file work.pdb (PDB, C-alpha atoms, pLDDT in the B column)
ATOM      1  CA  MET A  27      -2.544  90.384 109.033  1.00 60.00           C
ATOM      2  CA  SER A  28       0.157  89.976 111.688  1.00 70.00           C
ATOM      3  CA  GLN A  29       1.875  86.661 112.315  1.00 87.00           C
ATOM      4  CA  TRP A  30       2.020  85.016 115.736  1.00 90.00           C
ATOM      5  CA  PRO A  31       5.668  84.726 116.825  1.00 96.00           C
ATOM      6  CA  GLU A  32       7.401  81.378 116.497  1.00 97.00           C
ATOM      7  CA  HIS A  33       9.982  79.655 118.692  1.00 96.00           C
ATOM      8  CA  LEU A  34      12.807  77.664 117.114  1.00 95.00           C
ATOM      9  CA  ARG A  35      14.421  75.279 119.566  1.00 93.00           C
ATOM     10  CA  GLY A  36      17.341  74.815 117.258  1.00 91.00           C
ATOM     11  CA  LYS A  37      20.947  73.740 117.020  1.00 93.00           C
ATOM     12  CA  THR A  38      23.993  75.635 115.885  1.00 91.00           C
ATOM     13  CA  THR A  39      27.220  74.033 114.725  1.00 91.00           C
ATOM     14  CA  HIS A  40      30.626  75.540 114.023  1.00 90.00           C
ATOM     15  CA  ALA A  41      33.563  73.746 112.457  1.00 87.00           C
ATOM     16  CA  ARG A  42      36.913  75.454 112.025  1.00 84.00           C
ATOM     17  CA  ARG A  43      38.848  74.782 108.823  1.00 81.00           C
ATOM     18  CA  GLY A  44      42.631  74.782 108.629  1.00 76.00           C
ATOM     19  CA  GLY A  45      45.503  73.406 110.668  1.00 76.00           C
ATOM     20  CA  ILE A  46      43.895  73.607 114.120  1.00 83.00           C
ATOM     21  CA  ALA A  47      40.688  71.595 114.282  1.00 83.00           C
ATOM     22  CA  HIS A  48      37.858  72.755 116.501  1.00 85.00           C
ATOM     23  CA  ALA A  49      34.145  72.038 116.226  1.00 84.00           C
ATOM     24  CA  PHE A  50      31.077  72.184 118.439  1.00 83.00           C
ATOM     25  CA  THR A  51      27.303  71.856 118.453  1.00 88.00           C
ATOM     26  CA  HIS A  52      25.025  73.656 120.899  1.00 86.00           C
ATOM     27  CA  SER A  53      21.306  73.951 121.397  1.00 88.00           C
ATOM     28  CA  VAL A  54      19.997  77.470 120.935  1.00 91.00           C
ATOM     29  CA  ASP A  55      16.691  79.334 121.074  1.00 91.00           C
ATOM     30  CA  PHE A  56      15.668  81.661 118.270  1.00 95.00           C
ATOM     31  CA  VAL A  57      12.403  83.468 117.688  1.00 96.00           C
ATOM     32  CA  LEU A  58      10.818  84.316 114.349  1.00 97.00           C
ATOM     33  CA  ILE A  59       8.648  87.413 114.607  1.00 97.00           C
ATOM     34  CA  ASP A  60       6.594  89.794 112.534  1.00 96.00           C
ATOM     35  CA  PRO A  61       8.492  93.006 113.362  1.00 95.00           C
ATOM     36  CA  ASP A  62       5.337  95.105 112.927  1.00 93.00           C
ATOM     37  CA  SER A  63       3.382  93.140 115.531  1.00 92.00           C
ATOM     38  CA  ASP A  64       3.364  93.151 119.329  1.00 90.00           C
ATOM     39  CA  ALA A  65       1.648  89.750 119.521  1.00 90.00           C
ATOM     40  CA  GLY A  66       3.010  86.980 121.726  1.00 92.00           C
ATOM     41  CA  PRO A  67       2.476  85.012 124.944  1.00 93.00           C
ATOM     42  CA  ALA A  68       2.731  86.617 128.375  1.00 90.00           C
ATOM     43  CA  LEU A  69       6.456  85.925 128.839  1.00 91.00           C
ATOM     44  CA  PHE A  70       7.433  87.552 125.521  1.00 94.00           C
ATOM     45  CA  ALA A  71       7.680  91.339 125.215  1.00 94.00           C
ATOM     46  CA  ARG A  72       8.162  93.718 122.290  1.00 94.00           C
ATOM     47  CA  ASN A  73      10.083  96.939 122.810  1.00 94.00           C
ATOM     48  CA  ARG A  74      10.047  96.563 126.566  1.00 90.00           C
ATOM     49  CA  ARG A  75      11.729  94.311 129.097  1.00 84.00           C
ATOM     50  CA  GLY A  76      10.350  90.876 129.832  1.00 86.00           C
ATOM     51  CA  LEU A  77      11.655  87.419 130.569  1.00 87.00           C
ATOM     52  CA  PHE A  78      12.223  87.195 126.811  1.00 91.00           C
ATOM     53  CA  SER A  79      11.936  90.166 124.478  1.00 93.00           C
ATOM     54  CA  VAL A  80      12.823  91.579 121.089  1.00 95.00           C
ATOM     55  CA  GLN A  81      13.435  95.321 121.032  1.00 95.00           C
ATOM     56  CA  ASP A  82      13.829  97.390 117.882  1.00 95.00           C
ATOM     57  CA  ARG A  83      16.808  99.234 119.355  1.00 94.00           C
ATOM     58  CA  HIS A  84      18.771  95.966 119.246  1.00 94.00           C
ATOM     59  CA  HIS A  85      18.191  95.371 115.511  1.00 96.00           C
ATOM     60  CA  GLY A  86      18.400  97.360 112.299  1.00 94.00           C
ATOM     61  CA  GLY A  87      21.341  99.696 112.657  1.00 91.00           C
ATOM     62  CA  PRO A  88      24.051 100.146 115.311  1.00 90.00           C
ATOM     63  CA  PRO A  89      23.681  98.004 118.467  1.00 87.00           C
ATOM     64  CA  LYS A  90      21.452  99.720 121.072  1.00 89.00           C
ATOM     65  CA  HIS A  91      20.510 102.342 118.483  1.00 93.00           C
ATOM     66  CA  GLY A  92      18.617 100.211 115.979  1.00 93.00           C
ATOM     67  CA  ARG A  93      15.470 101.263 114.103  1.00 95.00           C
ATOM     68  CA  GLY A  94      14.016  97.820 113.524  1.00 95.00           C
ATOM     69  CA  ALA A  95      11.963  97.088 110.422  1.00 96.00           C
ATOM     70  CA  GLU A  96      12.109 100.717 109.242  1.00 96.00           C
ATOM     71  CA  TRP A  97      15.868 100.325 108.749  1.00 97.00           C
ATOM     72  CA  ALA A  98      15.531  96.941 107.013  1.00 97.00           C
ATOM     73  CA  ARG A  99      12.954  98.330 104.570  1.00 97.00           C
ATOM     74  CA  GLU A 100      15.233 101.269 103.741  1.00 97.00           C
ATOM     75  CA  VAL A 101      18.149  98.922 103.060  1.00 97.00           C
ATOM     76  CA  LEU A 102      16.053  96.721 100.765  1.00 97.00           C
ATOM     77  CA  ALA A 103      14.402  99.671  99.003  1.00 97.00           C
ATOM     78  CA  ALA A 104      17.834 101.114  98.194  1.00 96.00           C
ATOM     79  CA  ARG A 105      18.516  97.880  96.299  1.00 95.00           C
ATOM     80  CA  GLY A 106      15.176  97.841  94.483  1.00 95.00           C
ATOM     81  CA  LEU A 107      12.931  95.797  96.777  1.00 96.00           C
ATOM     82  CA  SER A 108      10.105  97.820  98.274  1.00 92.00           C
ATOM     83  CA  ASP A 109       7.150  95.429  98.431  1.00 88.00           C
ATOM     84  CA  ALA A 110       8.465  92.642 100.656  1.00 93.00           C
ATOM     85  CA  ARG A 111       6.960  91.136 103.791  1.00 96.00           C
ATOM     86  CA  LEU A 112       9.533  91.016 106.598  1.00 97.00           C
ATOM     87  CA  LEU A 113      10.209  88.516 109.366  1.00 97.00           C
ATOM     88  CA  LEU A 114      13.042  88.765 111.890  1.00 98.00           C
ATOM     89  CA  LEU A 115      14.910  85.653 113.065  1.00 98.00           C
ATOM     90  CA  ALA A 116      16.935  86.387 116.196  1.00 96.00           C
ATOM     91  CA  GLN A 117      17.841  85.258 119.680  1.00 93.00           C
ATOM     92  CA  PRO A 118      15.586  87.119 122.110  1.00 93.00           C
ATOM     93  CA  ALA A 119      16.900  89.265 124.933  1.00 90.00           C
ATOM     94  CA  PHE A 120      16.784  87.631 128.358  1.00 88.00           C
ATOM     95  CA  LEU A 121      15.716  90.021 131.126  1.00 86.00           C
ATOM     96  CA  GLY A 122      16.720  92.863 128.813  1.00 82.00           C
ATOM     97  CA  ARG A 123      20.236  91.542 128.105  1.00 84.00           C
ATOM     98  CA  VAL A 124      20.973  90.469 124.549  1.00 87.00           C
ATOM     99  CA  PHE A 125      23.784  89.331 122.291  1.00 83.00           C
ATOM    100  CA  ASN A 126      23.137  88.071 118.765  1.00 88.00           C
ATOM    101  CA  PRO A 127      26.216  86.934 116.824  1.00 89.00           C
ATOM    102  CA  VAL A 128      23.944  86.942 113.774  1.00 94.00           C
ATOM    103  CA  SER A 129      20.285  87.771 113.199  1.00 96.00           C
ATOM    104  CA  PHE A 130      18.412  87.535 109.917  1.00 98.00           C
ATOM    105  CA  TRP A 131      15.885  89.834 108.291  1.00 98.00           C
ATOM    106  CA  LEU A 132      13.954  87.530 105.931  1.00 98.00           C
ATOM    107  CA  ALA A 133      12.157  89.243 103.037  1.00 98.00           C
ATOM    108  CA  PHE A 134       9.294  87.500 101.238  1.00 97.00           C
ATOM    109  CA  ARG A 135       7.122  88.061  98.216  1.00 94.00           C
ATOM    110  CA  GLY A 136       4.090  85.968  98.965  1.00 92.00           C
ATOM    111  CA  ASP A 137       5.500  82.774 100.449  1.00 92.00           C
ATOM    112  CA  GLN A 138       8.795  82.992  98.528  1.00 96.00           C
ATOM    113  CA  LEU A 139      12.008  84.083 100.235  1.00 98.00           C
ATOM    114  CA  VAL A 140      13.625  86.700  97.968  1.00 98.00           C
ATOM    115  CA  ALA A 141      16.259  88.444 100.126  1.00 98.00           C
ATOM    116  CA  VAL A 142      18.044  88.182 103.469  1.00 98.00           C
ATOM    117  CA  ILE A 143      19.891  90.758 105.539  1.00 98.00           C
ATOM    118  CA  SER A 144      22.364  88.923 107.768  1.00 97.00           C
ATOM    119  CA  GLU A 145      23.060  91.217 110.721  1.00 97.00           C
ATOM    120  CA  VAL A 146      26.447  90.217 112.170  1.00 94.00           C
ATOM    121  CA  THR A 147      27.585  91.527 115.563  1.00 90.00           C
ATOM    122  CA  ASN A 148      30.933  90.742 117.180  1.00 87.00           C
ATOM    123  CA  THR A 149      31.850  90.636 120.855  1.00 84.00           C
ATOM    124  CA  PHE A 150      33.646  93.985 120.543  1.00 87.00           C
ATOM    125  CA  GLY A 151      30.420  95.864 119.818  1.00 86.00           C
ATOM    126  CA  ASP A 152      30.869  96.203 116.045  1.00 88.00           C
ATOM    127  CA  ARG A 153      28.120  95.374 113.558  1.00 93.00           C
ATOM    128  CA  HIS A 154      27.942  94.899 109.803  1.00 94.00           C
ATOM    129  CA  SER A 155      25.043  93.601 107.730  1.00 96.00           C
ATOM    130  CA  TYR A 156      25.283  91.578 104.512  1.00 97.00           C
ATOM    131  CA  VAL A 157      22.432  91.781 101.980  1.00 97.00           C
ATOM    132  CA  SER A 158      21.893  88.594  99.952  1.00 97.00           C
ATOM    133  CA  HIS A 159      19.569  88.124  96.983  1.00 97.00           C
ATOM    134  CA  LYS A 160      19.476  86.742  93.455  1.00 96.00           C
ATOM    135  CA  PRO A 161      19.251  88.951  90.346  1.00 96.00           C
ATOM    136  CA  GLY A 162      15.817  90.531  90.064  1.00 95.00           C
ATOM    137  CA  PHE A 163      14.974  89.264  93.551  1.00 96.00           C
ATOM    138  CA  ALA A 164      14.126  85.828  92.193  1.00 97.00           C
ATOM    139  CA  PRO A 165      13.052  83.257  94.814  1.00 97.00           C
ATOM    140  CA  VAL A 166      15.909  81.907  96.960  1.00 97.00           C
ATOM    141  CA  GLY A 167      15.937  78.117  97.261  1.00 96.00           C
ATOM    142  CA  PRO A 168      18.001  75.780  99.462  1.00 95.00           C
ATOM    143  CA  SER A 169      20.458  74.994  96.641  1.00 95.00           C
ATOM    144  CA  ASP A 170      21.211  78.659  95.913  1.00 97.00           C
ATOM    145  CA  VAL A 171      24.557  79.966  97.163  1.00 97.00           C
ATOM    146  CA  LEU A 172      24.673  83.710  97.825  1.00 97.00           C
ATOM    147  CA  GLN A 173      28.098  85.257  98.262  1.00 95.00           C
ATOM    148  CA  ALA A 174      29.506  88.313 100.029  1.00 94.00           C
ATOM    149  CA  GLU A 175      32.968  89.631 100.782  1.00 94.00           C
ATOM    150  CA  LYS A 176      33.894  89.446 104.475  1.00 91.00           C
ATOM    151  CA  VAL A 177      34.560  92.995 105.693  1.00 90.00           C
ATOM    152  CA  MET A 178      34.220  92.838 109.504  1.00 85.00           C
ATOM    153  CA  HIS A 179      36.317  91.252 112.225  1.00 82.00           C
ATOM    154  CA  VAL A 180      34.294  88.498 113.918  1.00 84.00           C
ATOM    155  CA  SER A 181      36.613  85.947 115.501  1.00 80.00           C
ATOM    156  CA  PRO A 182      40.085  86.980 116.682  1.00 75.00           C
ATOM    157  CA  PHE A 183      41.267  83.609 115.364  1.00 76.00           C
ATOM    158  CA  GLN A 184      40.182  84.298 111.759  1.00 80.00           C
ATOM    159  CA  GLU A 185      41.375  86.925 109.306  1.00 83.00           C
ATOM    160  CA  VAL A 186      39.184  89.621 107.789  1.00 83.00           C
ATOM    161  CA  ALA A 187      39.707  88.083 104.378  1.00 85.00           C
ATOM    162  CA  GLY A 188      37.931  85.856 101.916  1.00 87.00           C
ATOM    163  CA  GLY A 189      34.174  85.759 101.704  1.00 92.00           C
ATOM    164  CA  TYR A 190      30.929  84.272 102.923  1.00 93.00           C
ATOM    165  CA  ARG A 191      28.710  81.773 101.158  1.00 96.00           C
ATOM    166  CA  PHE A 192      25.143  81.774 102.460  1.00 97.00           C
ATOM    167  CA  GLN A 193      22.473  79.116 101.934  1.00 98.00           C
ATOM    168  CA  PHE A 194      18.908  79.435 103.219  1.00 98.00           C
ATOM    169  CA  ARG A 195      16.207  76.787 103.440  1.00 97.00           C
ATOM    170  CA  VAL A 196      13.001  78.319 104.765  1.00 97.00           C
ATOM    171  CA  THR A 197       9.841  76.205 104.696  1.00 96.00           C
ATOM    172  CA  PRO A 198       6.629  76.436 106.747  1.00 94.00           C
ATOM    173  CA  GLU A 199       7.976  73.630 108.962  1.00 96.00           C
ATOM    174  CA  ARG A 200      11.700  74.301 109.299  1.00 97.00           C
ATOM    175  CA  ILE A 201      14.569  76.769 108.850  1.00 98.00           C
ATOM    176  CA  VAL A 202      18.112  75.722 107.955  1.00 98.00           C
ATOM    177  CA  ILE A 203      20.874  78.273 107.372  1.00 98.00           C
ATOM    178  CA  ARG A 204      24.447  77.485 106.353  1.00 97.00           C
ATOM    179  CA  ILE A 205      27.256  80.043 106.342  1.00 96.00           C
ATOM    180  CA  LEU A 206      30.721  79.219 105.045  1.00 94.00           C
ATOM    181  CA  HIS A 207      33.546  81.661 105.674  1.00 91.00           C
ATOM    182  CA  ASP A 208      35.836  80.692 102.831  1.00 88.00           C
ATOM    183  CA  ASN A 209      39.445  81.928 102.977  1.00 84.00           C
ATOM    184  CA  GLY A 210      41.468  79.374 101.045  1.00 78.00           C
ATOM    185  CA  PRO A 211      42.211  76.471 103.410  1.00 80.00           C
ATOM    186  CA  GLU A 212      41.107  78.582 106.383  1.00 82.00           C
ATOM    187  CA  GLY A 213      37.642  79.574 107.538  1.00 82.00           C
ATOM    188  CA  VAL A 214      34.607  78.325 109.429  1.00 86.00           C
ATOM    189  CA  VAL A 215      31.445  76.432 108.533  1.00 91.00           C
ATOM    190  CA  ALA A 216      28.468  77.461 110.670  1.00 92.00           C
ATOM    191  CA  THR A 217      24.896  76.198 110.581  1.00 95.00           C
ATOM    192  CA  LEU A 218      21.629  77.024 112.304  1.00 95.00           C
ATOM    193  CA  SER A 219      18.645  74.686 112.100  1.00 97.00           C
ATOM    194  CA  GLY A 220      15.350  74.315 113.878  1.00 96.00           C
ATOM    195  CA  ASN A 221      11.693  73.409 113.526  1.00 96.00           C
ATOM    196  CA  ARG A 222       9.159  76.240 113.441  1.00 96.00           C
ATOM    197  CA  GLN A 223       6.599  76.089 116.254  1.00 95.00           C
ATOM    198  CA  PRO A 224       4.170  78.669 117.640  1.00 96.00           C
ATOM    199  CA  MET A 225       5.636  80.481 120.634  1.00 95.00           C
ATOM    200  CA  THR A 226       3.988  79.491 123.931  1.00 95.00           C
ATOM    201  CA  THR A 227       4.477  80.334 127.587  1.00 92.00           C
ATOM    202  CA  TRP A 228       5.361  76.703 128.362  1.00 92.00           C
ATOM    203  CA  GLY A 229       7.882  76.610 125.529  1.00 91.00           C
ATOM    204  CA  LEU A 230       9.649  79.713 126.848  1.00 89.00           C
ATOM    205  CA  LEU A 231       9.681  78.332 130.385  1.00 88.00           C
ATOM    206  CA  ALA A 232      11.167  75.080 129.124  1.00 87.00           C
ATOM    207  CA  ALA A 233      13.873  77.020 127.282  1.00 83.00           C
ATOM    208  CA  THR A 234      14.720  78.861 130.520  1.00 80.00           C
ATOM    209  CA  LEU A 235      15.189  75.563 132.366  1.00 80.00           C
ATOM    210  CA  ARG A 236      17.112  73.730 129.634  1.00 80.00           C
ATOM    211  CA  ARG A 237      19.247  76.634 128.413  1.00 78.00           C
ATOM    212  CA  PRO A 238      19.374  79.133 131.287  1.00 73.00           C
ATOM    213  CA  LEU A 239      20.338  82.798 130.868  1.00 71.00           C
ATOM    214  CA  GLY A 240      19.426  82.954 127.176  1.00 69.00           C
ATOM    215  CA  THR A 241      21.859  85.018 125.118  1.00 69.00           C
ATOM    216  CA  LEU A 242      24.143  85.473 128.142  1.00 73.00           C
ATOM    217  CA  ARG A 243      24.797  81.750 127.748  1.00 78.00           C
ATOM    218  CA  THR A 244      25.730  82.421 124.088  1.00 77.00           C
ATOM    219  CA  TRP A 245      28.221  85.073 125.193  1.00 72.00           C
ATOM    220  CA  GLY A 246      29.782  82.713 127.698  1.00 80.00           C
ATOM    221  CA  LEU A 247      30.073  79.857 125.206  1.00 77.00           C
ATOM    222  CA  ILE A 248      31.816  82.107 122.679  1.00 75.00           C
ATOM    223  CA  HIS A 249      34.484  83.006 125.213  1.00 76.00           C
ATOM    224  CA  TRP A 250      34.806  79.391 126.359  1.00 79.00           C
ATOM    225  CA  HIS A 251      35.568  78.244 122.818  1.00 72.00           C
ATOM    226  CA  ALA A 252      37.950  81.173 122.326  1.00 75.00           C
ATOM    227  CA  LEU A 253      39.902  79.984 125.374  1.00 77.00           C
ATOM    228  CA  ARG A 254      40.018  76.430 124.013  1.00 79.00           C
ATOM    229  CA  LEU A 255      41.334  77.688 120.655  1.00 70.00           C
ATOM    230  CA  LYS A 256      43.995  79.743 122.400  1.00 71.00           C
ATOM    231  CA  LEU A 257      45.094  76.696 124.411  1.00 77.00           C
ATOM    232  CA  LYS A 258      45.299  74.707 121.167  1.00 77.00           C
ATOM    233  CA  GLY A 259      47.759  77.263 119.809  1.00 76.00           C
ATOM    234  CA  ALA A 260      45.556  79.282 117.473  1.00 73.00           C
ATOM    235  CA  ARG A 261      47.014  82.701 116.663  1.00 81.00           C
ATOM    236  CA  TYR A 262      45.148  85.647 118.181  1.00 75.00           C
ATOM    237  CA  ARG A 263      44.569  88.608 115.847  1.00 78.00           C
ATOM    238  CA  SER A 264      43.980  92.040 117.323  1.00 76.00           C
ATOM    239  CA  ARG A 265      40.770  93.811 116.488  1.00 78.00           C
ATOM    240  CA  PRO A 266      41.168  95.962 113.364  1.00 77.00           C
ATOM    241  CA  GLN A 267      39.223  99.122 112.646  1.00 81.00           C
ATOM    242  CA  ALA A 268      35.521  98.439 112.106  1.00 80.00           C
ATOM    243  CA  PRO A 269      34.134  98.942 108.585  1.00 83.00           C
ATOM    244  CA  THR A 270      32.853 102.444 107.885  1.00 84.00           C
ATOM    245  CA  GLU A 271      29.858 101.184 105.895  1.00 89.00           C
ATOM    246  CA  GLU A 272      27.137  99.435 107.902  1.00 92.00           C
ATOM    247  CA  VAL A 273      25.771  97.408 104.965  1.00 93.00           C
ATOM    248  CA  SER A 274      27.304  95.593 102.004  1.00 93.00           C
TER     249      SER A 274
END
call {"tool": "encode", "arguments": {"input": "work.pdb", "output": "structure tokens"}}
result
Amino acid sequence: MSQWPEHLRGKTTHARRGGIAHAFTHSVDFVLIDPDSDAGPALFARNRRGLFSVQDRHHGGPPKHGRGAEWAREVLAARGLSDARLLLLAQPAFLGRVFNPVSFWLAFRGDQLVAVISEVTNTFGDRHSYVSHKPGFAPVGPSDVLQAEKVMHVSPFQEVAGGYRFQFRVTPERIVIRILHDNGPEGVVATLSGNRQPMTTWGLLAATLRRPLGTLRTWGLIHWHALRLKLKGARYRSRPQAPTEEVS
């Protein structure tokens, strides 16, 4: 049975660690969808343009050439998980234009979260996905810390070094995700949190008025904070070669 899409009117926070302090909090709109379903209100489209949409070509593989849930299932099956129910947590495209710094493929057995694919995309068009799970795909709880080595350039003000620590709290009412890029005294703490609510036409219209331009606004805010960091004296690092492997 397919799941009606949900709308998370959430908040994201970023706090830079190290000698140059910089932190911010912004409101953000995410959707949580059953990737095998086309259900949704009139203003939400699947695999076609709409005011808001989620298109498979934007997720699951290289940007603009994604394969959606088929790709996610292949990635999980290669690691021994072939019977999971998938949900996709992402910022929707706005009038066909999309940019997701990170989206999440959430894999469940029953109601228990057992694995996450964190799909990271930088502003240079590179993408790498990090697969997180416990041994034997045991349930993932909010106190569990899942680690991965950082292999892709994300911010030009952070090195491609150290690792990520992921924490996921997924309940029927709320989603909270915490990502720590840990590189000695350097790094960034990022969070995403929001209440789960059924997606409605009025909710999408309200999001358009309160946070206009959707993910284009996200793109603009990223560059605004990059400018502020540069003015504070943060060292700019040129983009290195993208990783050859798309998943780790």
call {"tool": "resolve_selection", "arguments": {"input": "work.pdb", "expression": "the PyMOL selection byres ((chain A and resi 48-56) around 10)", "output": "MDAnalysis selection string"}}
result
chainID A and resid 32:47 57:59 114:118 126 129 214:220 222 230 233:234 236:237 240:241 243:244 247 251 254:255 258
call {"tool": "closest_residue", "arguments": {"input": "work.pdb", "among": "A:Glu271, A:Glu185, A:Asp64, A:Asp152", "to": "Val80 (chain A)", "atoms": "all atoms listed in the file"}}
result
A:Asp64
call {"tool": "resolve_selection", "arguments": {"input": "work.pdb", "expression": "the PyMOL selection byres ((chain A and resi 89) around 10)", "output": "list of chain:residue names"}}
result
A:Asp82, A:Arg83, A:His84, A:His85, A:Gly86, A:Gly87, A:Pro88, A:Lys90, A:His91, A:Gly92, A:Arg93, A:Phe125, A:Asn126, A:Thr147, A:Gly151, A:Asp152, A:Arg153
call {"tool": "resolve_selection", "arguments": {"input": "work.pdb", "expression": "the PyMOL selection byres ((chain A and resi 68) around 12)", "output": "list in words"}}
result
Asp64, Ala65, Gly66, Pro67, Leu69, Phe70, Ala71, Arg72, Arg75, Gly76, Leu77, Phe78, Ser79, Met225, Thr226, Thr227, Trp228, Gly229, Leu230 and Leu231 of chain A
call {"tool": "residues_near_point", "arguments": {"input": "work.pdb", "point": "(20.0, 82.0, 103.6)", "cutoff": "7 Å", "atoms": "only C-alpha atoms", "output": "number ranges by chain"}}
result
A: 142, 192-195, 203-204
call {"tool": "closest_residue", "arguments": {"input": "work.pdb", "among": "A:Pro269, A:Ala104, A:Leu113, A:Gln81", "to": "Ser28 (chain A)", "atoms": "only C-alpha atoms"}}
result
A:Leu113
call {"tool": "closest_residue", "arguments": {"input": "work.pdb", "among": "A:Val180, A:Pro198, A:His154, A:Leu121", "to": "Gln138 (chain A)", "atoms": "only C-alpha atoms"}}
result
A:Pro198
call {"tool": "atom_distance", "arguments": {"input": "work.pdb", "atom1": "CA of Pro224 (chain A)", "atom2": "CA of Leu206 (chain A)"}}
result
29.4 Å
call {"tool": "axis_aligned_box", "arguments": {"input": "work.pdb", "around": "region 125-128 of chain A", "padding_each_side": "8 Å", "output": "AutoDock Vina command-line options"}}
result
--center_x 24.7 --center_y 88.1 --center_z 118.0 --size_x 19.1 --size_y 18.4 --size_z 24.5
call {"tool": "closest_residue", "arguments": {"input": "work.pdb", "among": "A:Tyr262, A:Phe150, A:Phe134, A:Tyr190", "to": "Phe163 (chain A)", "atoms": "all atoms listed in the file"}}
result
A:Phe134
call {"tool": "atom_distance", "arguments": {"input": "work.pdb", "atom1": "CA of Val273 (chain A)", "atom2": "CA of Gly122 (chain A)"}}
result
25.9 Å
call {"tool": "closest_residue", "arguments": {"input": "work.pdb", "among": "A:Arg74, A:Leu107, A:Arg263, A:Leu242", "to": "Val124 (chain A)", "atoms": "only C-alpha atoms"}}
result
A:Leu242
call {"tool": "closest_residue", "arguments": {"input": "work.pdb", "among": "A:Glu145, A:Arg105, A:Thr197, A:Val186", "to": "Gly162 (chain A)", "atoms": "only C-alpha atoms"}}
result
A:Arg105
call {"tool": "atom_distance", "arguments": {"input": "work.pdb", "atom1": "CA of Gln267 (chain A)", "atom2": "CA of Trp245 (chain A)"}}
result
21.8 Å
call {"tool": "residues_around", "arguments": {"input": "work.pdb", "residues": "Leu112 (chain A)", "least_positions_apart": "2", "cutoff": "10 Å", "atoms": "only C-alpha atoms", "output": "PyMOL selection string"}}
result
chain A and resi 59-62+95+98-99+109-110+114-115+131-135+139+141-142
call {"tool": "residues_around", "arguments": {"input": "work.pdb", "residues": "region 171-175 of chain A", "least_positions_apart": "3", "cutoff": "9 Å", "atoms": "only C-alpha atoms", "output": "ChimeraX atom specification"}}
result
/A:156-160,166-168,187-194,274
call {"tool": "decode", "arguments": {"input": "work.pdb", "residues": "region 160-173 of chain A", "atoms": "N, CA and C atoms", "output": "tab-separated table (two decimals), in the first residue's frame"}}
result
chain	number	residue	atom	x	y	z
A	160	LYS	N	23.79	-0.46	10.90
A	160	LYS	CA	24.42	-1.22	11.96
A	160	LYS	C	24.68	-2.65	11.48
A	161	PRO	N	25.54	-3.39	12.18
A	161	PRO	CA	25.78	-4.78	11.78
A	161	PRO	C	24.48	-5.58	11.73
A	162	GLY	N	24.31	-6.37	10.67
A	162	GLY	CA	23.12	-7.18	10.53
A	162	GLY	C	21.87	-6.37	10.25
A	163	PHE	N	22.02	-5.12	9.93
A	163	PHE	CA	20.88	-4.22	9.69
A	163	PHE	C	19.93	-4.20	10.89
A	164	ALA	N	20.54	-4.11	12.07
A	164	ALA	CA	19.75	-3.95	13.30
A	164	ALA	C	19.08	-2.58	13.28
A	165	PRO	N	17.96	-2.41	14.00
A	165	PRO	CA	17.28	-1.12	14.02
A	165	PRO	C	18.20	0.03	14.44
A	166	VAL	N	18.05	1.17	13.78
A	166	VAL	CA	18.84	2.37	14.06
A	166	VAL	C	18.02	3.28	14.95
A	167	GLY	N	18.53	3.57	16.15
A	167	GLY	CA	17.86	4.45	17.08
A	167	GLY	C	18.53	5.81	17.17
A	168	PRO	N	17.90	6.76	17.85
A	168	PRO	CA	18.45	8.13	17.90
A	168	PRO	C	19.79	8.24	18.61
A	169	SER	N	20.15	7.28	19.46
A	169	SER	CA	21.44	7.35	20.14
A	169	SER	C	22.56	6.68	19.36
A	170	ASP	N	22.23	5.99	18.28
A	170	ASP	CA	23.25	5.31	17.47
A	170	ASP	C	24.01	6.33	16.62
A	171	VAL	N	25.33	6.17	16.58
A	171	VAL	CA	26.19	7.02	15.77
A	171	VAL	C	26.79	6.16	14.66
A	172	LEU	N	26.49	6.50	13.42
A	172	LEU	CA	26.97	5.76	12.27
A	172	LEU	C	28.03	6.60	11.56
A	173	GLN	N	29.17	5.99	11.28
A	173	GLN	CA	30.31	6.75	10.80
A	173	GLN	C	30.66	6.42	9.36
